[in-house]
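**Q** Here you go, this is run_36.cif (mmCIF, C-alpha atoms).
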```cif
data_model
#
loop_
_atom_site.label_atom_id
_atom_site.label_comp_id
_atom_site.auth_asym_id
_atom_site.auth_seq_id
_atom_site.Cartn_x
_atom_site.Cartn_y
_atom_site.Cartn_z
CA MET A 10 104.64 83.68 116.23
CA PHE A 11 102.99 87.04 116.67
CA GLN A 12 101.45 87.76 120.05
CA GLY A 13 99.84 90.60 121.95
CA LYS A 14 98.90 90.75 125.61
CA ASP A 15 96.71 93.12 127.64
CA LEU A 16 96.72 95.80 124.97
CA ILE A 17 94.96 99.05 125.80
CA CYS A 18 94.06 101.61 123.17
CA ILE A 19 93.04 105.17 124.05
CA ARG A 20 92.09 107.59 121.27
CA GLY A 21 91.33 111.18 122.20
CA GLU A 22 90.67 110.38 125.87
CA ARG A 23 88.26 107.62 124.90
CA LEU A 24 89.02 104.06 125.81
CA VAL A 25 88.62 102.05 122.60
CA PHE A 26 89.52 98.61 123.87
CA THR A 27 91.21 97.19 126.90
CA GLY A 28 92.80 93.91 127.96
CA LEU A 29 92.97 92.71 124.38
CA GLY A 30 95.19 89.76 123.58
CA PHE A 31 95.88 87.76 120.43
CA SER A 32 98.23 85.12 119.17
CA VAL A 33 98.89 83.94 115.62
CA SER A 34 101.37 81.26 114.67
CA PRO A 35 103.18 80.97 111.31
CA GLY A 36 100.74 80.05 108.57
CA GLY A 37 97.88 81.35 110.66
CA ALA A 38 95.33 84.05 110.03
CA LEU A 39 93.52 86.40 112.36
CA VAL A 40 90.32 88.07 111.25
CA LEU A 41 89.23 91.16 113.15
CA ILE A 42 85.53 91.86 113.28
CA GLY A 43 83.44 94.40 115.12
CA PRO A 44 81.19 97.39 114.42
CA ASN A 45 82.50 100.75 113.14
CA GLY A 46 84.65 102.51 115.66
CA SER A 47 85.35 99.38 117.69
CA GLY A 48 89.08 99.76 117.06
CA LYS A 49 89.89 97.39 114.19
CA SER A 50 92.00 99.96 112.38
CA SER A 51 93.58 101.12 115.63
CA LEU A 52 94.59 97.56 116.48
CA LEU A 53 96.10 97.04 113.03
CA ARG A 54 98.02 100.32 113.28
CA MET A 55 99.18 99.21 116.71
CA MET A 56 100.38 95.91 115.27
CA ALA A 57 102.28 97.87 112.61
CA GLY A 58 103.90 100.04 115.27
CA LEU A 59 102.33 103.25 113.94
CA LEU A 60 100.27 103.66 117.08
CA LYS A 61 101.68 103.12 120.55
CA PRO A 62 99.45 101.12 122.90
CA ALA A 63 98.67 102.87 126.21
CA ALA A 64 99.67 99.64 127.91
CA GLY A 65 100.38 96.04 127.04
CA LYS A 66 102.93 93.90 125.28
CA MET A 67 103.49 92.75 121.74
CA GLU A 68 105.92 90.04 120.75
CA TRP A 69 107.28 88.91 117.40
CA ASN A 70 108.93 85.47 117.63
CA GLY A 71 109.47 85.95 121.33
CA GLU A 72 111.07 89.37 121.00
CA ASN A 73 109.50 92.62 122.07
CA ALA A 74 108.04 94.17 118.93
CA LEU A 75 107.50 97.59 120.50
CA ASP A 76 111.20 98.06 121.25
CA ASP A 77 112.72 98.58 117.85
CA PHE A 78 110.31 100.19 115.43
CA ASP A 79 112.49 99.83 112.32
CA GLU A 80 113.27 96.19 113.07
CA HIS A 81 109.59 95.35 113.49
CA ALA A 82 108.59 97.36 110.43
CA SER A 83 110.93 95.34 108.22
CA ASN A 84 108.92 92.19 109.09
CA LEU A 85 105.57 93.48 107.99
CA HIS A 86 103.43 94.92 105.26
CA TYR A 87 100.60 97.26 106.11
CA VAL A 88 97.70 98.06 103.80
CA GLY A 89 95.64 100.93 105.19
CA HIS A 90 92.73 102.98 103.92
CA HIS A 91 94.87 104.90 101.43
CA ASP A 92 96.56 103.26 98.51
CA ALA A 93 99.68 105.42 98.22
CA VAL A 94 99.56 105.39 94.42
CA LYS A 95 101.20 108.52 93.01
CA PRO A 96 99.11 110.05 90.20
CA VAL A 97 102.06 111.04 88.00
CA LEU A 98 104.00 107.79 88.26
CA SER A 99 103.08 104.75 86.20
CA VAL A 100 101.84 101.64 87.99
CA LEU A 101 105.16 99.92 87.39
CA GLU A 102 107.10 102.89 88.82
CA ASN A 103 104.83 103.02 91.83
CA VAL A 104 105.32 99.37 92.71
CA ARG A 105 109.02 99.52 91.86
CA PHE A 106 109.48 102.41 94.28
CA TRP A 107 107.76 100.66 97.18
CA ALA A 108 109.73 97.49 96.56
CA GLY A 109 112.99 99.40 96.29
CA VAL A 110 112.51 101.53 99.37
CA ARG A 111 112.17 98.34 101.40
CA GLY A 112 115.54 97.20 100.12
CA ALA A 113 114.15 94.40 97.94
CA GLU A 114 115.91 93.50 94.71
CA ILE A 115 114.33 95.61 92.03
CA ASP A 116 113.76 93.40 89.06
CA ASP A 117 111.01 94.45 86.69
CA LYS A 118 110.17 90.81 86.07
CA ASN A 119 109.41 90.31 89.77
CA ILE A 120 107.26 93.39 89.82
CA LEU A 121 105.32 92.29 86.76
CA THR A 122 104.74 88.88 88.37
CA ALA A 123 103.44 90.66 91.47
CA LEU A 124 101.12 92.77 89.34
CA ASP A 125 99.99 89.65 87.52
CA ALA A 126 98.92 88.08 90.81
CA PHE A 127 96.21 90.75 90.95
CA ASP A 128 95.52 90.71 87.23
CA SER A 129 97.01 94.18 86.81
CA LYS A 130 99.88 93.45 84.45
CA HIS A 131 98.16 95.27 81.61
CA LEU A 132 98.06 98.43 83.76
CA ALA A 133 101.85 98.58 84.15
CA ASP A 134 102.42 101.63 81.97
CA ILE A 135 99.33 103.57 82.95
CA PRO A 136 99.84 106.62 85.20
CA GLY A 137 98.25 106.34 88.64
CA ARG A 138 95.79 109.17 88.04
CA PHE A 139 93.84 107.14 85.48
CA LEU A 140 93.19 104.21 87.82
CA SER A 141 89.84 103.46 89.41
CA ALA A 142 89.59 102.91 93.17
CA GLY A 143 89.57 99.15 92.71
CA GLN A 144 92.57 99.21 90.39
CA LYS A 145 94.49 101.36 92.87
CA ARG A 146 93.75 98.86 95.59
CA ARG A 147 95.00 96.03 93.38
CA VAL A 148 98.23 97.92 92.72
CA ASN A 149 98.63 98.49 96.46
CA LEU A 150 98.16 94.77 97.07
CA ALA A 151 100.68 93.92 94.32
CA ARG A 152 103.18 96.06 96.24
CA ILE A 153 103.13 93.68 99.21
CA ILE A 154 103.86 90.71 96.99
CA ALA A 155 106.74 92.45 95.20
CA ALA A 156 108.77 92.74 98.41
CA PRO A 157 108.13 89.71 100.63
CA ALA A 158 107.57 90.13 104.38
CA PRO A 159 106.28 87.48 106.81
CA LEU A 160 103.48 89.53 108.40
CA TRP A 161 100.63 91.06 106.42
CA LEU A 162 98.39 93.59 108.13
CA LEU A 163 95.41 94.32 105.91
CA ASP A 164 92.86 96.92 106.94
CA GLU A 165 89.68 96.11 105.04
CA PRO A 166 91.58 94.96 101.96
CA THR A 167 88.41 94.10 100.05
CA THR A 168 87.21 97.71 99.89
CA ALA A 169 86.48 98.68 96.26
CA LEU A 170 87.45 95.24 94.97
CA ASP A 171 85.13 93.28 92.70
CA ARG A 172 84.36 89.59 93.18
CA ALA A 173 87.10 88.37 90.85
CA SER A 174 89.72 90.47 92.60
CA ILE A 175 88.58 89.28 96.01
CA SER A 176 89.16 85.71 94.94
CA LEU A 177 92.63 86.70 93.69
CA LEU A 178 93.31 88.19 97.12
CA ASP A 179 92.04 84.95 98.64
CA LYS A 180 94.56 83.02 96.61
CA ALA A 181 97.41 85.38 97.45
CA ILE A 182 96.64 85.05 101.15
CA LYS A 183 96.54 81.27 100.84
CA ARG A 184 99.93 81.18 99.10
CA HIS A 185 101.38 83.54 101.71
CA ARG A 186 100.17 81.29 104.53
CA GLU A 187 101.43 78.14 102.85
CA GLY A 188 104.86 79.76 102.86
CA GLY A 189 104.62 80.24 106.64
CA GLY A 190 103.37 83.82 106.51
CA ILE A 191 100.93 85.40 108.92
CA VAL A 192 97.90 87.44 107.90
CA VAL A 193 95.86 89.75 110.09
CA LEU A 194 92.94 91.44 108.42
CA SER A 195 89.82 93.34 109.28
CA THR A 196 86.76 92.99 107.14
CA HIS A 197 83.10 93.71 106.69
CA ALA A 198 82.67 91.80 103.47
CA ASP A 199 82.73 88.05 103.26
CA ILE A 200 86.11 86.73 102.41
CA ASP A 201 86.78 83.05 102.82
CA ILE A 202 89.79 82.60 105.00
CA GLU A 203 90.26 78.98 105.94
CA ALA A 204 91.03 78.04 109.52
CA ALA A 205 91.20 81.62 110.69
CA THR A 206 90.93 82.76 114.26
CA ILE A 207 88.17 85.31 114.65
CA LEU A 208 88.64 88.16 117.08
CA ASP A 209 85.61 90.29 117.90
CA ILE A 210 87.07 93.54 119.17
CA SER A 211 83.80 94.77 120.63
CA ASP A 212 84.24 92.07 123.32
CA TYR A 213 87.04 94.20 124.72
CA SER A 214 85.20 97.52 124.88
CA LEU A 215 84.55 98.95 128.32
CA LYS A 216 80.78 98.56 127.94
CA LYS A 217 80.97 94.83 127.28
CA ILE A 218 83.39 94.28 130.11
CA LYS A 219 81.12 96.12 132.54
CA GLN A 220 78.16 94.04 131.38
CA GLY A 221 80.16 90.90 131.96
CA ALA A 222 81.06 91.97 135.49
CA ALA A 223 77.47 92.84 136.37
CA MET B 10 122.23 104.79 101.29
CA LYS B 11 120.81 103.11 98.21
CA GLN B 12 117.30 103.68 99.50
CA PHE B 13 118.14 107.30 100.30
CA ALA B 14 119.09 107.90 96.66
CA PHE B 15 115.99 105.98 95.62
CA LEU B 16 113.71 108.27 97.62
CA VAL B 17 115.44 111.43 96.38
CA ARG B 18 115.11 110.23 92.79
CA ARG B 19 111.44 109.47 93.24
CA ASP B 20 110.75 112.91 94.73
CA LEU B 21 112.68 114.58 91.93
CA SER B 22 110.77 112.74 89.23
CA LEU B 23 107.50 113.59 90.99
CA ALA B 24 108.53 117.26 91.06
CA PHE B 25 109.62 117.31 87.43
CA ARG B 26 106.48 115.63 86.18
CA GLN B 27 104.20 117.88 88.18
CA GLY B 28 106.46 120.70 87.08
CA MET B 29 104.43 123.57 88.41
CA ASP B 30 105.64 123.59 92.01
CA SER B 31 109.25 124.52 91.45
CA MET B 32 108.41 126.83 88.54
CA MET B 33 105.99 128.68 90.79
CA VAL B 34 108.65 129.24 93.42
CA VAL B 35 111.07 130.82 90.94
CA VAL B 36 108.39 132.94 89.31
CA PHE B 37 107.23 134.17 92.71
CA PHE B 38 110.84 135.01 93.59
CA VAL B 39 111.30 137.01 90.40
CA ILE B 40 107.99 138.85 90.70
CA ALA B 41 108.54 139.72 94.36
CA VAL B 42 111.92 141.27 93.58
CA VAL B 43 110.67 143.06 90.47
CA LEU B 44 107.99 144.79 92.55
CA PHE B 45 110.63 146.75 94.47
CA PRO B 46 111.95 148.96 91.66
CA LEU B 47 108.32 149.70 90.85
CA GLY B 48 107.54 150.54 94.46
CA VAL B 49 110.56 152.49 95.65
CA GLY B 50 111.43 154.12 92.34
CA PRO B 51 114.16 153.46 89.81
CA GLU B 52 117.05 155.48 91.31
CA PRO B 53 120.10 153.19 91.02
CA SER B 54 121.62 154.29 94.34
CA THR B 55 118.47 153.47 96.35
CA LEU B 56 118.05 150.11 94.64
CA ALA B 57 121.70 149.19 95.07
CA ARG B 58 121.54 149.91 98.79
CA ILE B 59 118.54 147.64 99.41
CA SER B 60 119.38 145.02 96.76
CA SER B 61 120.87 142.31 98.98
CA GLY B 62 118.14 142.65 101.58
CA VAL B 63 115.36 142.48 99.02
CA ILE B 64 116.80 139.43 97.32
CA TRP B 65 117.24 137.60 100.62
CA VAL B 66 113.77 138.41 101.92
CA ALA B 67 112.23 137.33 98.61
CA ALA B 68 114.26 134.10 98.75
CA LEU B 69 113.00 133.42 102.28
CA LEU B 70 109.39 133.96 101.29
CA SER B 71 109.59 131.85 98.14
CA ALA B 72 111.25 129.00 100.04
CA MET B 73 108.25 129.12 102.42
CA LEU B 74 105.82 128.86 99.54
CA SER B 75 106.57 125.27 98.60
CA LEU B 76 107.20 123.94 102.10
CA GLU B 77 103.57 123.26 102.88
CA ARG B 78 103.52 120.54 100.21
CA LEU B 79 106.71 118.89 101.45
CA PHE B 80 104.95 116.14 103.44
CA GLN B 81 101.31 117.02 102.75
CA THR B 82 100.75 114.95 99.60
CA ASP B 83 102.51 111.92 101.06
CA TYR B 84 100.46 112.32 104.22
CA GLU B 85 97.17 112.51 102.35
CA ASP B 86 97.66 109.54 100.04
CA GLY B 87 99.05 107.20 102.70
CA SER B 88 102.61 107.18 101.37
CA LEU B 89 103.94 108.65 104.60
CA GLU B 90 102.74 105.65 106.63
CA LEU B 91 104.46 103.32 104.23
CA LEU B 92 107.63 105.39 104.26
CA ALA B 93 107.60 105.22 108.05
CA LEU B 94 107.27 101.43 107.77
CA SER B 95 110.05 101.09 105.20
CA SER B 96 113.52 99.99 106.22
CA LEU B 97 114.67 103.60 106.05
CA PRO B 98 114.72 105.36 109.44
CA LEU B 99 112.26 108.26 109.46
CA GLU B 100 115.09 110.73 110.08
CA VAL B 101 116.75 109.66 106.83
CA THR B 102 113.41 109.91 105.04
CA VAL B 103 113.12 113.52 106.21
CA LEU B 104 116.65 114.23 105.01
CA ALA B 105 115.94 112.68 101.61
CA LYS B 106 112.79 114.71 101.13
CA VAL B 107 114.60 117.89 102.18
CA THR B 108 117.38 117.15 99.69
CA ALA B 109 114.87 116.78 96.88
CA HIS B 110 113.07 119.91 98.03
CA TRP B 111 116.28 121.93 97.98
CA ILE B 112 117.24 120.68 94.52
CA THR B 113 113.85 121.60 93.10
CA THR B 114 113.36 124.94 94.85
CA GLY B 115 116.60 126.19 96.43
CA LEU B 116 118.83 125.59 93.44
CA PRO B 117 116.61 127.46 90.91
CA LEU B 118 116.55 130.44 93.30
CA ILE B 119 120.34 130.55 93.30
CA VAL B 120 120.38 130.44 89.51
CA ALA B 121 117.87 133.29 89.29
CA ALA B 122 119.50 135.45 91.97
CA PRO B 123 122.36 137.01 89.92
CA VAL B 124 119.95 138.13 87.23
CA LEU B 125 117.82 139.84 89.84
CA ALA B 126 120.94 141.34 91.37
CA VAL B 127 121.64 143.04 88.05
CA LEU B 128 118.09 144.29 87.98
CA MET B 129 118.50 145.72 91.47
CA GLN B 130 121.71 147.53 90.41
CA MET B 131 123.83 145.57 92.86
CA GLU B 132 127.58 146.30 92.63
CA SER B 133 129.30 143.45 90.82
CA GLU B 134 131.60 142.76 93.81
CA GLY B 135 128.57 141.33 95.60
CA PHE B 136 127.54 138.76 92.98
CA LEU B 137 129.86 135.93 93.90
CA ILE B 138 129.30 136.33 97.62
CA LEU B 139 125.54 136.47 97.06
CA ILE B 140 125.70 133.10 95.33
CA VAL B 141 127.97 131.59 97.98
CA ALA B 142 125.77 132.94 100.78
CA LEU B 143 122.65 131.55 99.10
CA LEU B 144 124.37 128.20 98.60
CA LEU B 145 125.12 128.05 102.32
CA GLY B 146 121.85 129.59 103.45
CA THR B 147 119.09 127.98 101.37
CA PRO B 148 119.75 124.40 102.56
CA SER B 149 119.18 125.66 106.12
CA LEU B 150 115.89 127.17 104.98
CA SER B 151 114.73 123.80 103.60
CA LEU B 152 115.92 121.94 106.69
CA ILE B 153 114.26 124.25 109.22
CA GLY B 154 111.17 124.43 107.06
CA ALA B 155 110.86 120.64 107.13
CA VAL B 156 110.30 120.74 110.90
CA GLY B 157 107.48 123.22 110.43
CA ALA B 158 106.05 121.22 107.52
CA ALA B 159 105.98 118.09 109.69
CA LEU B 160 104.29 119.91 112.56
CA ILE B 161 101.43 121.36 110.52
CA LEU B 162 100.33 118.01 109.05
CA GLY B 163 96.65 117.49 109.61
CA SER B 164 95.93 121.06 110.67
CA ARG B 165 93.60 123.41 108.83
CA ARG B 166 95.14 126.51 107.26
CA GLY B 167 98.52 124.90 107.60
CA GLY B 168 100.23 127.37 105.28
CA VAL B 169 99.67 130.39 107.51
CA LEU B 170 100.64 128.45 110.61
CA LEU B 171 103.78 127.28 108.86
CA SER B 172 104.88 130.86 108.15
CA LEU B 173 104.33 131.82 111.78
CA LEU B 174 106.38 128.85 112.96
CA VAL B 175 109.21 129.00 110.50
CA LEU B 176 109.83 132.63 109.50
CA PRO B 177 111.16 133.71 112.92
CA LEU B 178 113.66 130.86 112.72
CA TYR B 179 114.87 132.15 109.35
CA ILE B 180 116.01 135.47 110.85
CA PRO B 181 119.65 134.45 111.56
CA VAL B 182 120.07 133.24 107.96
CA LEU B 183 118.66 136.55 106.73
CA ILE B 184 120.89 138.71 108.94
CA PHE B 185 124.14 136.97 108.13
CA GLY B 186 123.27 136.42 104.48
CA VAL B 187 122.59 140.10 103.93
CA SER B 188 125.57 141.28 105.93
CA ALA B 189 127.96 139.01 104.01
CA VAL B 190 126.84 140.50 100.70
CA ASP B 191 126.90 144.08 102.03
CA GLY B 192 130.36 143.44 103.45
CA ALA B 193 131.67 142.27 100.08
CA ILE B 194 130.19 145.31 98.34
CA GLY B 195 131.48 147.77 100.94
CA GLY B 196 134.93 146.22 100.92
CA TYR B 197 134.71 144.91 104.49
CA GLU B 198 135.43 141.50 105.93
CA PHE B 199 132.73 138.94 105.04
CA LYS B 200 134.36 135.61 105.84
CA ALA B 201 132.93 135.48 109.37
CA GLN B 202 129.34 135.84 108.12
CA LEU B 203 129.83 133.04 105.61
CA LEU B 204 131.32 130.83 108.32
CA ILE B 205 128.34 131.49 110.55
CA LEU B 206 125.97 130.62 107.68
CA GLY B 207 127.94 127.41 107.16
CA GLY B 208 127.79 126.65 110.87
CA PHE B 209 124.07 127.28 110.87
CA PHE B 210 123.69 124.85 107.98
CA ILE B 211 125.70 122.14 109.71
CA GLY B 212 123.81 122.67 112.95
CA SER B 213 120.43 122.37 111.26
CA LEU B 214 121.64 119.37 109.25
CA ALA B 215 122.40 117.61 112.52
CA LEU B 216 119.28 118.61 114.45
CA THR B 217 116.30 119.14 112.14
CA PRO B 218 115.95 115.56 110.80
CA TRP B 219 115.29 114.38 114.36
CA ALA B 220 112.80 117.14 115.03
CA GLY B 221 111.11 116.58 111.67
CA ALA B 222 110.86 112.84 112.23
CA ALA B 223 109.36 113.43 115.69
CA GLY B 224 106.77 115.71 114.09
CA LEU B 225 105.92 113.08 111.49
CA ARG B 226 105.52 110.37 114.16
CA GLN B 227 103.10 112.65 115.97
CA ALA B 228 101.12 113.17 112.77
CA LEU B 229 100.96 109.44 112.02
CA GLU B 230 99.52 108.40 115.42
#
```
Will you turn the file into structure tokens for me?
**A**
Amino acid sequence: MFQGKDLICIRGERLVFTGLGFSVSPGGALVLIGPNGSGKSSLLRMMAGLLKPAAGKMEWNGENALDDFDEHASNLHYVGHHDAVKPVLSVLENVRFWAGVRGAEIDDKNILTALDAFDSKHLADIPGRFLSAGQKRRVNLARIIAAPAPLWLLDEPTTALDRASISLLDKAIKRHREGGGIVVLSTHADIDIEAATILDISDYSLKKIKQGAA
Amino acid sequence: MKQFAFLVRRDLSLAFRQGMDSMMVVVFFVIAVVLFPLGVGPEPSTLARISSGVIWVAALLSAMLSLERLFQTDYEDGSLELLALSSLPLEVTVLAKVTAHWITTGLPLIVAAPVLAVLMQMESEGFLILIVALLLGTPSLSLIGAVGAALILGSRRGGVLLSLLVLPLYIPVLIFGVSAVDGAIGGYEFKAQLLILGGFFIGSLALTPWAGAAGLRQALE
């Protein structure tokens, strides 16, 4: 169970959202929508612990997630705007490093299976600098399969992906949820997430709240 | 511990494959020192007198040169966020990156230093102490530099800012490094200077990872 209550986000003296709450149970999915600048990325970074909320609470299985950063971080995978693919390392080395640094067993077979889930097995020996944006994104997504973690935080994961890759991502998310995992993602493109809770962040902006009061 | 070694290995293989960074540092070091005989003239007595100072100042400046890149590339390609979210505490991450930085830049300087000492007509009594002093001093340079490198993330013209932040903090290393070598050449006591350099290293080993990690957290917000 992953929950947030009364979260407030302030970026550069501007109130982005206030009084925001969410709750996702194991196997659940939360889709964040809202216009540019409404705070989707900020909320995801907040969930990852990279950004401290100005106020509010966040709980992971009943325990305060804001307390112990390292503990919380070990439960989650975060996919941000950058793909963290090193140009001079091969795809296999890149994924192997990210799996290893999380303390996962480093077995090349596991890593190849993870790459295969995003149809990137044939890229294994290619250095990162020769990858296209979409291929980099697929490698980044393979990384989160190579070292399992119950919570996936995906910030616009479909960016640069083609239709076939999006459906692979769909499948990966489905498998993750069937295993009791939680997915939170923000998106502009259409991605079919079954039985997902939709959270429109713009409902929590100051403007909307003032309109509601008036 | 396993992950620490993992991160150091990854940074080393990145450095070796990109190659240029650590080569550049050594070449800069050599060129900077070679300029002095050309500038002040070739008299052996003049060169010998300034040799330890010149080598130390050049070492300080070349250590600065590569610091800007210490966290910059990881910051730009998103690796830093993921490192912060890995099971490794950020302080240990800083320490691992500093270790790799010292191996790729500090160690080559120490190898090149005796050759330059010969060029600068340094008395041979100073050679061993120069190497020992550099061995104790250069890790402190990397450690202190890491704090500066973390603080400049995201700023424009970071390199210049980094020099302004870090060079003043290098002064103690410079003073005691030079005076240890001069002491050995002049036949004076030099143990105290080496002990102070060692103390400085241990002090920065204990403090700078925390400061560096705090700087990185600030940059990631």
**Q** Could you give me, as a ChimeraX atom specification, the residues within 10 Å of stretch 202-217 of chain B, counting all atoms listed in the file and dropping anything in the same chain fewer than 4 positions from it?
**A** /B:100,103-104,138,141-157,181-190,192,198,221-223
**Q** Go through chain A and flag each residue having an atom no more than 8 Å from chain B; for those, report the closest pair of atoms plus their distance in Å to one decimal, using only C-alpha atoms, ordered by chain and rising number, as CSV.
**A**
```
residue,atom,partner,partner_atom,distance
A:Ala57,CA,B:Leu94,CA,7.8
A:Leu59,CA,B:Glu230,CA,6.1
A:Leu60,CA,B:Glu230,CA,5.1
A:Lys61,CA,B:Glu230,CA,7.7
A:Asp79,CA,B:Ser96,CA,6.2
A:Glu80,CA,B:Ser96,CA,7.8
A:Ala82,CA,B:Leu94,CA,5.0
A:Ser83,CA,B:Ser96,CA,5.7
A:His86,CA,B:Leu94,CA,8.0
A:Tyr87,CA,B:Leu91,CA,7.4
A:Gly89,CA,B:Gly87,CA,7.6
A:His90,CA,B:Gly87,CA,7.7
A:His91,CA,B:Gly87,CA,4.9
A:Asp92,CA,B:Gly87,CA,6.3
A:Ala93,CA,B:Ser88,CA,4.6
A:Val94,CA,B:Asp86,CA,7.2
A:Lys95,CA,B:Asp86,CA,7.9
A:Val97,CA,B:Arg26,CA,6.6
A:Leu98,CA,B:Leu23,CA,7.3
A:Phe106,CA,B:Arg19,CA,7.4
A:Gly109,CA,B:Gln12,CA,6.9
A:Val110,CA,B:Gln12,CA,5.3
A:Arg111,CA,B:Ser95,CA,5.1
A:Gly112,CA,B:Gln12,CA,6.7
```
**Q** With only C-alpha atoms counted, which protein, DNA or RNA residues have an atom no more than 12 Å from (126.2, 146.6, 89.7) in the file frame? Please answer as number ranges by chain.
**A** B: 53-54, 56-58, 60-61, 123-136, 194
**Q** Name the residues that the PyMOL selection byres ((chain A and resi 167) around 12) picks from the file above, as a VMD selection string, using the file's chain letters and numbers.
**A** chain A and resid 88 to 90 142 to 147 149 to 150 163 to 166 168 to 179 194 to 201
**Q** Please write the residues from the selection above to a file, keeping C-alpha atoms, as a PDB file, in the coordinates of the input.
**A**
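Wrote part17.pdb, looks like this:
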```pdb
ATOM      1  CA  VAL A  88      97.700  98.060 103.800  1.00  0.00           C
ATOM      2  CA  GLY A  89      95.640 100.930 105.190  1.00  0.00           C
ATOM      3  CA  HIS A  90      92.730 102.980 103.920  1.00  0.00           C
ATOM      4  CA  ALA A 142      89.590 102.910  93.170  1.00  0.00           C
ATOM      5  CA  GLY A 143      89.570  99.150  92.710  1.00  0.00           C
ATOM      6  CA  GLN A 144      92.570  99.210  90.390  1.00  0.00           C
ATOM      7  CA  LYS A 145      94.490 101.360  92.870  1.00  0.00           C
ATOM      8  CA  ARG A 146      93.750  98.860  95.590  1.00  0.00           C
ATOM      9  CA  ARG A 147      95.000  96.030  93.380  1.00  0.00           C
ATOM     10  CA  ASN A 149      98.630  98.490  96.460  1.00  0.00           C
ATOM     11  CA  LEU A 150      98.160  94.770  97.070  1.00  0.00           C
ATOM     12  CA  LEU A 163      95.410  94.320 105.910  1.00  0.00           C
ATOM     13  CA  ASP A 164      92.860  96.920 106.940  1.00  0.00           C
ATOM     14  CA  GLU A 165      89.680  96.110 105.040  1.00  0.00           C
ATOM     15  CA  PRO A 166      91.580  94.960 101.960  1.00  0.00           C
ATOM     16  CA  THR A 168      87.210  97.710  99.890  1.00  0.00           C
ATOM     17  CA  ALA A 169      86.480  98.680  96.260  1.00  0.00           C
ATOM     18  CA  LEU A 170      87.450  95.240  94.970  1.00  0.00           C
ATOM     19  CA  ASP A 171      85.130  93.280  92.700  1.00  0.00           C
ATOM     20  CA  ARG A 172      84.360  89.590  93.180  1.00  0.00           C
ATOM     21  CA  ALA A 173      87.100  88.370  90.850  1.00  0.00           C
ATOM     22  CA  SER A 174      89.720  90.470  92.600  1.00  0.00           C
ATOM     23  CA  ILE A 175      88.580  89.280  96.010  1.00  0.00           C
ATOM     24  CA  SER A 176      89.160  85.710  94.940  1.00  0.00           C
ATOM     25  CA  LEU A 177      92.630  86.700  93.690  1.00  0.00           C
ATOM     26  CA  LEU A 178      93.310  88.190  97.120  1.00  0.00           C
ATOM     27  CA  ASP A 179      92.040  84.950  98.640  1.00  0.00           C
ATOM     28  CA  LEU A 194      92.940  91.440 108.420  1.00  0.00           C
ATOM     29  CA  SER A 195      89.820  93.340 109.280  1.00  0.00           C
ATOM     30  CA  THR A 196      86.760  92.990 107.140  1.00  0.00           C
ATOM     31  CA  HIS A 197      83.100  93.710 106.690  1.00  0.00           C
ATOM     32  CA  ALA A 198      82.670  91.800 103.470  1.00  0.00           C
ATOM     33  CA  ASP A 199      82.730  88.050 103.260  1.00  0.00           C
ATOM     34  CA  ILE A 200      86.110  86.730 102.410  1.00  0.00           C
ATOM     35  CA  ASP A 201      86.780  83.050 102.820  1.00  0.00           C
TER      36      ASP A 201
END
```
**Q** Which is closer to B:Gly167 than all the others in B:Gln81, B:Thr108, B:Thr113, B:Thr55, using only C-alpha atoms?
**A**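 Ranking B:Gln81, B:Thr108, B:Thr113, B:Thr55 by distance to B:Gly167, first place goes to B:Gln81.
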**Q** Report the residues retrieved by the PyMOL selection byres ((chain A and resi 68-72) around 12) from the displayed file, expressed as number ranges by chain.
**A** A: 10-16, 30-35, 56-58, 65-67, 73-78, 80-85, 159-160, 191
**Q** Take the residues just selected and output them with C-alpha atoms as a short mmCIF file (atom, residue, chain, number, x, y, z; two decimals), in the frame of the given file.
**A**
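The resulting file, selection01.cif, is shown below:
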```cif
data_model
loop_
_atom_site.label_atom_id
_atom_site.label_comp_id
_atom_site.auth_asym_id
_atom_site.auth_seq_id
_atom_site.Cartn_x
_atom_site.Cartn_y
_atom_site.Cartn_z
CA MET A 10 104.64 83.68 116.23
CA PHE A 11 102.99 87.04 116.67
CA GLN A 12 101.45 87.76 120.05
CA GLY A 13 99.84 90.60 121.95
CA LYS A 14 98.90 90.75 125.61
CA ASP A 15 96.71 93.12 127.64
CA LEU A 16 96.72 95.80 124.97
CA GLY A 30 95.19 89.76 123.58
CA PHE A 31 95.88 87.76 120.43
CA SER A 32 98.23 85.12 119.17
CA VAL A 33 98.89 83.94 115.62
CA SER A 34 101.37 81.26 114.67
CA PRO A 35 103.18 80.97 111.31
CA MET A 56 100.38 95.91 115.27
CA ALA A 57 102.28 97.87 112.61
CA GLY A 58 103.90 100.04 115.27
CA GLY A 65 100.38 96.04 127.04
CA LYS A 66 102.93 93.90 125.28
CA MET A 67 103.49 92.75 121.74
CA ASN A 73 109.50 92.62 122.07
CA ALA A 74 108.04 94.17 118.93
CA LEU A 75 107.50 97.59 120.50
CA ASP A 76 111.20 98.06 121.25
CA ASP A 77 112.72 98.58 117.85
CA PHE A 78 110.31 100.19 115.43
CA GLU A 80 113.27 96.19 113.07
CA HIS A 81 109.59 95.35 113.49
CA ALA A 82 108.59 97.36 110.43
CA SER A 83 110.93 95.34 108.22
CA ASN A 84 108.92 92.19 109.09
CA LEU A 85 105.57 93.48 107.99
CA PRO A 159 106.28 87.48 106.81
CA LEU A 160 103.48 89.53 108.40
CA ILE A 191 100.93 85.40 108.92
#
```
**Q** Any idea what the distance is between atom CA of A:Asp134 and atom CA of A:Ser99?
**A**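 Here the two named atoms are 5.3 Å from each other.
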**Q** Taking (84.9, 99.7, 114.1) as a centre in this file's frame and 10 Å as the limit, can you find every polymer residue with an atom that close, using only C-alpha atoms, and give them as an MDAnalysis selection string?
**A** chainID A and resid 25 41:51 195:197 210:211
